Amino acid sequence: MIDILFCGNSGVFDGALTCILSILKRTQSKQPFTFHLFTMDLSDLDPKYTPIPREQVDFLNEVIQRYHPDSRAVLYDVTEYYQKYFAGCPNEGAYCSPYTLIRLFADQFTSIPDKLLYLDIDILFNRDILLLWNVDVTDYEYAAAPDHYGKYLIHPHYINAGVLLFNMKKCRQTKLFAKARSWIRLKKLTFADQSALIRSTTKRKVLPQRYNDQKFLHPHTIVRHFSKRLFWMPYPHTDNIKQWHIEKVHTVFKYHQFDDILEEYLTLKENFNARI
């Protein structure tokens, strides 16, 4: 079993569906997948902060079980945990959203196994997930690749937390998540949970950039992370192009390597919309 964690609200459906399709279509393994989905209701804080609805999860289950009958998507409502640990904390207005914080509850569930791959939803796999999943993290809390900009501006080994391969057994031993939650509660951090994880780390494995490429797509790229990036032309500016922004993926990035994934996504999204 390969276990993957996503976090978010009702708006992550496009990202989750495209990312899952990329995993299923690029992976040769016959192992089943469990996709753990952490969500919560914070609509009292912002009307758009509604949890992932059951109909989205049911649809994802239909999709993934076409590839393997034993694969599944499992929904977790972590609202109670958020209210207990983070409500009103200095990082509630994080640079992304409060949903970036809830992966820090991964140690609270016995259903989370000893090895877990956390993924941001703005990710597509360009190659087989086993190239990442089979990385040996026996002696580490997690493995992660450098942050494309942070490795220049902060530290050569400053990591991006959008792709994290956790050794959950060791994380529980070192109390990585508990320490990170304490940082979130007590101090405003520049990059919220990413900063908290880095400050709480005892030992990590730094992976090559191809495991989380936030700017380029090479033949050897395993994960293409569609995070916000800097463009120099026609003038210096940033843009936050996601994989489901298909026209921009074609015209700005000039990527067609993911067309089989995105075409299936469009068909499935149309089928899903016809139901609701």
# chains A, B, ... in the order shown; residues from 1 in each chain; ligands from 1
>>> residues_around(residues="range 102-119 of chain A", least_positions_apart="3", cutoff="9 Å", atoms="only C-alpha atoms", output="VMD selection string")
chain A and resid 2 to 8 19 36 38 to 40 78 81 to 82 98 to 99 122 to 123 132 to 133 137 161 to 172 175 to 178 180 to 181 193 197
>>> select_by_dssp(residues="range 38-254 of chain A", states="strand (DSSP E or B)", output="PyMOL selection string")
chain A and resi 38-39+72-77+115-119+123-125+142-144+146+159+163-167+204-206+213+223-225+229-231+237-239
>>> residues_around(residues="Ala192 in chain A", least_positions_apart="3", cutoff="10 Å", atoms="only C-alpha atoms", output="JSON list (two decimals) with N, CA and C atoms, in the first residue's frame")
[["chain", "number", "residue", "atom", "x", "y", "z"],
["A", 90, "PRO", "N", -1.15, 32.86, 16.10],
["A", 90, "PRO", "CA", -0.52, 33.91, 15.29],
["A", 90, "PRO", "C", -0.42, 33.56, 13.81],
["A", 91, "ASN", "N", -0.54, 32.27, 13.45],
["A", 91, "ASN", "CA", -0.38, 31.86, 12.06],
["A", 91, "ASN", "C", -1.71, 31.52, 11.39],
["A", 92, "GLU", "N", -2.83, 31.90, 12.02],
["A", 92, "GLU", "CA", -4.12, 31.59, 11.42],
["A", 92, "GLU", "C", -4.29, 32.31, 10.08],
["A", 93, "GLY", "N", -3.71, 33.48, 9.94],
["A", 93, "GLY", "CA", -3.73, 34.18, 8.66],
["A", 93, "GLY", "C", -2.49, 33.87, 7.87],
["A", 94, "ALA", "N", -2.19, 32.58, 7.68],
["A", 94, "ALA", "CA", -0.97, 32.15, 7.01],
["A", 94, "ALA", "C", -0.94, 32.63, 5.57],
["A", 95, "TYR", "N", 0.27, 32.59, 4.98],
["A", 95, "TYR", "CA", 0.46, 33.12, 3.62],
["A", 95, "TYR", "C", -0.40, 32.38, 2.60],
["A", 96, "CYS", "N", -0.78, 31.16, 2.87],
["A", 96, "CYS", "CA", -1.69, 30.44, 1.96],
["A", 96, "CYS", "C", -3.08, 30.42, 2.57],
["A", 97, "SER", "N", -3.33, 29.56, 3.52],
["A", 97, "SER", "CA", -4.60, 29.49, 4.22],
["A", 97, "SER", "C", -4.39, 28.63, 5.46],
["A", 98, "PRO", "N", -5.35, 28.62, 6.40],
["A", 98, "PRO", "CA", -5.21, 27.75, 7.57],
["A", 98, "PRO", "C", -5.09, 26.28, 7.20],
["A", 100, "THR", "N", -3.08, 24.96, 5.26],
["A", 100, "THR", "CA", -1.68, 24.53, 5.18],
["A", 100, "THR", "C", -1.19, 23.97, 6.51],
["A", 101, "LEU", "N", -1.89, 24.29, 7.58],
["A", 101, "LEU", "CA", -1.44, 23.89, 8.91],
["A", 101, "LEU", "C", -1.86, 22.48, 9.30],
["A", 180, "ALA", "N", 6.29, 21.11, 16.11],
["A", 180, "ALA", "CA", 5.88, 22.06, 15.08],
["A", 180, "ALA", "C", 4.58, 22.76, 15.48],
["A", 183, "TRP", "N", 5.32, 25.61, 17.81],
["A", 183, "TRP", "CA", 5.80, 26.80, 17.12],
["A", 183, "TRP", "C", 4.64, 27.58, 16.51],
["A", 184, "ILE", "N", 3.70, 26.86, 15.90],
["A", 184, "ILE", "CA", 2.54, 27.51, 15.27],
["A", 184, "ILE", "C", 1.72, 28.27, 16.30],
["A", 187, "LYS", "N", 4.34, 31.49, 17.91],
["A", 187, "LYS", "CA", 5.14, 32.50, 17.21],
["A", 187, "LYS", "C", 4.68, 32.65, 15.77],
["A", 188, "LYS", "N", 4.56, 33.88, 15.32],
["A", 188, "LYS", "CA", 4.27, 34.16, 13.91],
["A", 188, "LYS", "C", 5.50, 33.81, 13.08],
["A", 189, "LEU", "N", 5.33, 32.91, 12.09],
["A", 189, "LEU", "CA", 6.43, 32.43, 11.28],
["A", 189, "LEU", "C", 6.25, 32.85, 9.83],
["A", 195, "SER", "N", 7.97, 26.63, 8.02],
["A", 195, "SER", "CA", 8.98, 27.11, 8.96],
["A", 195, "SER", "C", 8.95, 26.30, 10.25],
["A", 196, "ALA", "N", 7.76, 25.96, 10.73],
["A", 196, "ALA", "CA", 7.63, 25.19, 11.96],
["A", 196, "ALA", "C", 8.24, 23.81, 11.82],
["A", 197, "LEU", "N", 7.99, 23.16, 10.69],
["A", 197, "LEU", "CA", 8.58, 21.83, 10.45],
["A", 197, "LEU", "C", 10.10, 21.90, 10.40]]
>>> residues_around(residues="Tyr265 in chain A", least_positions_apart="3", cutoff="10 Å", atoms="only C-alpha atoms", output="PDB file with N, CA, C and O atoms, in the first residue's frame")
ATOM      1  N   ASP A  14     -10.037  20.137  -8.083  1.00  0.00           N
ATOM      2  CA  ASP A  14      -9.311  20.108  -9.356  1.00  0.00           C
ATOM      3  C   ASP A  14      -7.866  19.657  -9.157  1.00  0.00           C
ATOM      4  O   ASP A  14      -7.343  18.863  -9.945  1.00  0.00           O
ATOM      5  N   GLY A  15      -7.233  20.163  -8.129  1.00  0.00           N
ATOM      6  CA  GLY A  15      -5.857  19.782  -7.857  1.00  0.00           C
ATOM      7  C   GLY A  15      -5.737  18.332  -7.447  1.00  0.00           C
ATOM      8  O   GLY A  15      -4.859  17.602  -7.929  1.00  0.00           O
ATOM      9  N   LEU A  17      -7.812  15.852  -8.080  1.00  0.00           N
ATOM     10  CA  LEU A  17      -8.143  14.957  -9.194  1.00  0.00           C
ATOM     11  C   LEU A  17      -7.002  14.877 -10.197  1.00  0.00           C
ATOM     12  O   LEU A  17      -6.618  13.776 -10.631  1.00  0.00           O
ATOM     13  N   THR A  18      -6.423  16.012 -10.582  1.00  0.00           N
ATOM     14  CA  THR A  18      -5.332  15.986 -11.557  1.00  0.00           C
ATOM     15  C   THR A  18      -4.089  15.313 -10.989  1.00  0.00           C
ATOM     16  O   THR A  18      -3.424  14.534 -11.678  1.00  0.00           O
ATOM     17  N   CYS A  19      -3.783  15.593  -9.732  1.00  0.00           N
ATOM     18  CA  CYS A  19      -2.605  14.976  -9.108  1.00  0.00           C
ATOM     19  C   CYS A  19      -2.783  13.467  -9.009  1.00  0.00           C
ATOM     20  O   CYS A  19      -1.873  12.688  -9.335  1.00  0.00           O
ATOM     21  N   ILE A  20      -3.947  13.026  -8.557  1.00  0.00           N
ATOM     22  CA  ILE A  20      -4.217  11.591  -8.443  1.00  0.00           C
ATOM     23  C   ILE A  20      -4.123  10.918  -9.810  1.00  0.00           C
ATOM     24  O   ILE A  20      -3.523   9.842  -9.949  1.00  0.00           O
ATOM     25  N   LEU A  21      -4.689  11.539 -10.833  1.00  0.00           N
ATOM     26  CA  LEU A  21      -4.610  10.965 -12.177  1.00  0.00           C
ATOM     27  C   LEU A  21      -3.160  10.835 -12.630  1.00  0.00           C
ATOM     28  O   LEU A  21      -2.776   9.830 -13.245  1.00  0.00           O
ATOM     29  N   SER A  22      -2.345  11.837 -12.331  1.00  0.00           N
ATOM     30  CA  SER A  22      -0.942  11.768 -12.743  1.00  0.00           C
ATOM     31  C   SER A  22      -0.226  10.608 -12.050  1.00  0.00           C
ATOM     32  O   SER A  22       0.612   9.934 -12.659  1.00  0.00           O
ATOM     33  N   TRP A 244      -4.385  22.807 -13.576  1.00  0.00           N
ATOM     34  CA  TRP A 244      -5.723  22.801 -14.153  1.00  0.00           C
ATOM     35  C   TRP A 244      -6.012  24.082 -14.958  1.00  0.00           C
ATOM     36  O   TRP A 244      -7.071  24.196 -15.556  1.00  0.00           O
ATOM     37  N   ASP A 259      -0.803  16.050 -21.346  1.00  0.00           N
ATOM     38  CA  ASP A 259      -2.087  16.167 -22.036  1.00  0.00           C
ATOM     39  C   ASP A 259      -2.999  14.977 -21.795  1.00  0.00           C
ATOM     40  O   ASP A 259      -4.226  15.130 -21.698  1.00  0.00           O
ATOM     41  N   ASP A 260      -2.445  13.767 -21.696  1.00  0.00           N
ATOM     42  CA  ASP A 260      -3.293  12.599 -21.440  1.00  0.00           C
ATOM     43  C   ASP A 260      -3.978  12.707 -20.083  1.00  0.00           C
ATOM     44  O   ASP A 260      -5.145  12.345 -19.921  1.00  0.00           O
ATOM     45  N   ILE A 261      -3.261  13.249 -19.101  1.00  0.00           N
ATOM     46  CA  ILE A 261      -3.813  13.441 -17.756  1.00  0.00           C
ATOM     47  C   ILE A 261      -4.898  14.516 -17.779  1.00  0.00           C
ATOM     48  O   ILE A 261      -6.000  14.326 -17.251  1.00  0.00           O
ATOM     49  N   LEU A 262      -4.590  15.627 -18.412  1.00  0.00           N
ATOM     50  CA  LEU A 262      -5.503  16.769 -18.403  1.00  0.00           C
ATOM     51  C   LEU A 262      -6.750  16.508 -19.248  1.00  0.00           C
ATOM     52  O   LEU A 262      -7.841  16.992 -18.920  1.00  0.00           O
ATOM     53  N   LEU A 268     -13.642  13.755 -16.827  1.00  0.00           N
ATOM     54  CA  LEU A 268     -14.148  13.391 -15.503  1.00  0.00           C
ATOM     55  C   LEU A 268     -14.826  14.580 -14.821  1.00  0.00           C
ATOM     56  O   LEU A 268     -15.873  14.423 -14.179  1.00  0.00           O
ATOM     57  N   LYS A 269     -14.239  15.763 -14.960  1.00  0.00           N
ATOM     58  CA  LYS A 269     -14.827  16.950 -14.340  1.00  0.00           C
ATOM     59  C   LYS A 269     -16.209  17.235 -14.938  1.00  0.00           C
ATOM     60  O   LYS A 269     -17.148  17.607 -14.220  1.00  0.00           O
ATOM     61  N   GLU A 270     -16.331  17.058 -16.234  1.00  0.00           N
ATOM     62  CA  GLU A 270     -17.627  17.245 -16.881  1.00  0.00           C
ATOM     63  C   GLU A 270     -18.642  16.235 -16.363  1.00  0.00           C
ATOM     64  O   GLU A 270     -19.802  16.583 -16.083  1.00  0.00           O
ATOM     65  N   ASN A 271     -18.211  14.987 -16.195  1.00  0.00           N
ATOM     66  CA  ASN A 271     -19.106  13.972 -15.653  1.00  0.00           C
ATOM     67  C   ASN A 271     -19.526  14.293 -14.228  1.00  0.00           C
ATOM     68  O   ASN A 271     -20.700  14.123 -13.854  1.00  0.00           O
TER      69      ASN A 271
END
>>> residues_around(residues="Ser71 in chain A", least_positions_apart="5", cutoff="7 Å", atoms="only C-alpha atoms", output="PyMOL selection string")
chain A and resi 32-34+64-65
>>> closest_residue(among="A:Leu266, A:Ile52, A:Ile198, A:Leu60", to="Thr79 in chain A", atoms="only C-alpha atoms")
A:Ile52
>>> select_by_dssp(residues="range 31-220 of chain A", states="helix (DSSP H, G or I)", output="number ranges by chain")
A: 54-67, 79-85, 98-108, 130-133, 150-153, 168-174, 176-186, 192-200, 209-211
>>> atom_distance(atom1="CA of His68 in chain A", atom2="CA of Leu37 in chain A")
18.4 Å
>>> atom_distance(atom1="CA of Phe59 in chain A", atom2="CA of Phe272 in chain A")
7.3 Å
>>> atom_distance(atom1="CA of Asp46 in chain A", atom2="CA of Ala16 in chain A")
21.5 Å
>>> closest_residue(among="A:Phe253, A:Tyr158, A:Phe191, A:Tyr85", to="Lys215 in chain A", atoms="only C-alpha atoms")
A:Phe253
>>> closest_residue(among="A:Arg199, A:His225, A:Arg275, A:Arg72", to="Asn126 in chain A", atoms="only C-alpha atoms")
A:His225
>>> residues_around(residues="Gln257 in chain A", least_positions_apart="4", cutoff="12 Å", atoms="only C-alpha atoms", output="list of chain:residue names")
A:Ser22, A:Arg26, A:Leu124, A:Phe125, A:Asn126, A:Arg127, A:Leu217, A:His218, A:Pro219, A:Thr221, A:Arg224, A:Gln243, A:Ile246, A:Val249, A:His250, A:Phe253, A:Ile261, A:Leu262, A:Glu263
>>> write_last_selection(atoms="N, CA and C atoms", output="mmCIF file, in the first residue's frame")
data_model
loop_
_atom_site.group_PDB
_atom_site.id
_atom_site.type_symbol
_atom_site.label_atom_id
_atom_site.label_comp_id
_atom_site.auth_asym_id
_atom_site.auth_seq_id
_atom_site.Cartn_x
_atom_site.Cartn_y
_atom_site.Cartn_z
ATOM 1 N N SER A 22 -2.345 11.837 -12.331
ATOM 2 C CA SER A 22 -0.942 11.768 -12.743
ATOM 3 C C SER A 22 -0.226 10.608 -12.050
ATOM 4 N N ARG A 26 1.056 7.425 -14.328
ATOM 5 C CA ARG A 26 2.505 7.367 -14.506
ATOM 6 C C ARG A 26 3.154 6.224 -13.716
ATOM 7 N N LEU A 124 1.916 17.608 -10.333
ATOM 8 C CA LEU A 124 1.711 16.497 -11.261
ATOM 9 C C LEU A 124 2.965 15.624 -11.266
ATOM 10 N N PHE A 125 2.762 14.327 -11.314
ATOM 11 C CA PHE A 125 3.884 13.407 -11.445
ATOM 12 C C PHE A 125 4.225 13.244 -12.919
ATOM 13 N N ASN A 126 5.495 13.450 -13.227
ATOM 14 C CA ASN A 126 5.997 13.276 -14.582
ATOM 15 C C ASN A 126 6.547 11.875 -14.787
ATOM 16 N N ARG A 127 6.921 11.226 -13.681
ATOM 17 C CA ARG A 127 7.463 9.867 -13.737
ATOM 18 C C ARG A 127 6.859 9.043 -12.609
ATOM 19 N N LEU A 217 10.620 21.722 -16.080
ATOM 20 C CA LEU A 217 10.209 20.352 -16.366
ATOM 21 C C LEU A 217 11.251 19.739 -17.286
ATOM 22 N N HIS A 218 12.006 18.777 -16.748
ATOM 23 C CA HIS A 218 13.020 18.060 -17.511
ATOM 24 C C HIS A 218 12.567 16.617 -17.708
ATOM 25 N N PRO A 219 13.174 15.878 -18.625
ATOM 26 C CA PRO A 219 12.836 14.459 -18.751
ATOM 27 C C PRO A 219 13.030 13.686 -17.451
ATOM 28 N N THR A 221 12.621 14.965 -14.426
ATOM 29 C CA THR A 221 11.761 15.492 -13.368
ATOM 30 C C THR A 221 10.758 14.423 -12.935
ATOM 31 N N ARG A 224 6.525 17.678 -10.877
ATOM 32 C CA ARG A 224 6.465 19.095 -11.290
ATOM 33 C C ARG A 224 5.474 19.794 -10.384
ATOM 34 N N GLN A 243 -1.874 23.443 -12.583
ATOM 35 C CA GLN A 243 -1.965 22.457 -13.662
ATOM 36 C C GLN A 243 -3.348 22.405 -14.303
ATOM 37 N N ILE A 246 -5.300 24.914 -17.924
ATOM 38 C CA ILE A 246 -4.741 24.152 -19.041
ATOM 39 C C ILE A 246 -4.251 25.055 -20.170
ATOM 40 N N VAL A 249 -0.955 26.366 -19.167
ATOM 41 C CA VAL A 249 0.032 25.282 -19.182
ATOM 42 C C VAL A 249 0.563 25.091 -20.603
ATOM 43 N N HIS A 250 -0.325 25.235 -21.591
ATOM 44 C CA HIS A 250 0.065 25.080 -22.984
ATOM 45 C C HIS A 250 0.784 26.315 -23.537
ATOM 46 N N PHE A 253 3.818 27.736 -20.343
ATOM 47 C CA PHE A 253 4.858 26.730 -20.100
ATOM 48 C C PHE A 253 5.196 25.910 -21.345
ATOM 49 N N ILE A 261 -3.261 13.249 -19.101
ATOM 50 C CA ILE A 261 -3.813 13.441 -17.756
ATOM 51 C C ILE A 261 -4.898 14.516 -17.779
ATOM 52 N N LEU A 262 -4.590 15.627 -18.412
ATOM 53 C CA LEU A 262 -5.503 16.769 -18.403
ATOM 54 C C LEU A 262 -6.750 16.508 -19.248
ATOM 55 N N GLU A 263 -6.603 15.738 -20.311
ATOM 56 C CA GLU A 263 -7.781 15.378 -21.109
ATOM 57 C C GLU A 263 -8.724 14.484 -20.315
#
>>> closest_residue(among="A:Leu75, A:Met1, A:Leu45, A:Leu186", to="Ser29 in chain A", atoms="only C-alpha atoms")
A:Met1
>>> closest_residue(among="A:Ile121, A:Asn61, A:Asp41, A:Gly88", to="Tyr76 in chain A", atoms="only C-alpha atoms")
A:Asp41
>>> decode(residues="range 90-114 of chain A", atoms="C-alpha atoms", output="mmCIF file, in the first residue's frame")
data_model
loop_
_atom_site.group_PDB
_atom_site.id
_atom_site.type_symbol
_atom_site.label_atom_id
_atom_site.label_comp_id
_atom_site.auth_asym_id
_atom_site.auth_seq_id
_atom_site.Cartn_x
_atom_site.Cartn_y
_atom_site.Cartn_z
ATOM 1 C CA PRO A 90 -0.520 33.907 15.287
ATOM 2 C CA ASN A 91 -0.385 31.856 12.056
ATOM 3 C CA GLU A 92 -4.119 31.591 11.422
ATOM 4 C CA GLY A 93 -3.733 34.179 8.663
ATOM 5 C CA ALA A 94 -0.973 32.151 7.015
ATOM 6 C CA TYR A 95 0.462 33.116 3.623
ATOM 7 C CA CYS A 96 -1.686 30.439 1.964
ATOM 8 C CA SER A 97 -4.604 29.491 4.222
ATOM 9 C CA PRO A 98 -5.211 27.751 7.567
ATOM 10 C CA TYR A 99 -5.458 24.518 5.590
ATOM 11 C CA THR A 100 -1.680 24.535 5.179
ATOM 12 C CA LEU A 101 -1.443 23.886 8.912
ATOM 13 C CA ILE A 102 -3.515 20.733 9.213
ATOM 14 C CA ARG A 103 -0.914 18.273 7.937
ATOM 15 C CA LEU A 104 0.655 18.838 11.355
ATOM 16 C CA PHE A 105 -2.080 16.568 12.755
ATOM 17 C CA ALA A 106 -0.819 13.497 10.870
ATOM 18 C CA ASP A 107 0.540 11.974 14.070
ATOM 19 C CA GLN A 108 -2.891 12.094 15.726
ATOM 20 C CA PHE A 109 -4.424 9.257 13.693
ATOM 21 C CA THR A 110 -3.601 5.586 14.189
ATOM 22 C CA SER A 111 -4.811 4.929 10.633
ATOM 23 C CA ILE A 112 -1.807 6.852 9.307
ATOM 24 C CA PRO A 113 0.910 4.223 8.685
ATOM 25 C CA ASP A 114 4.652 4.332 9.332
#
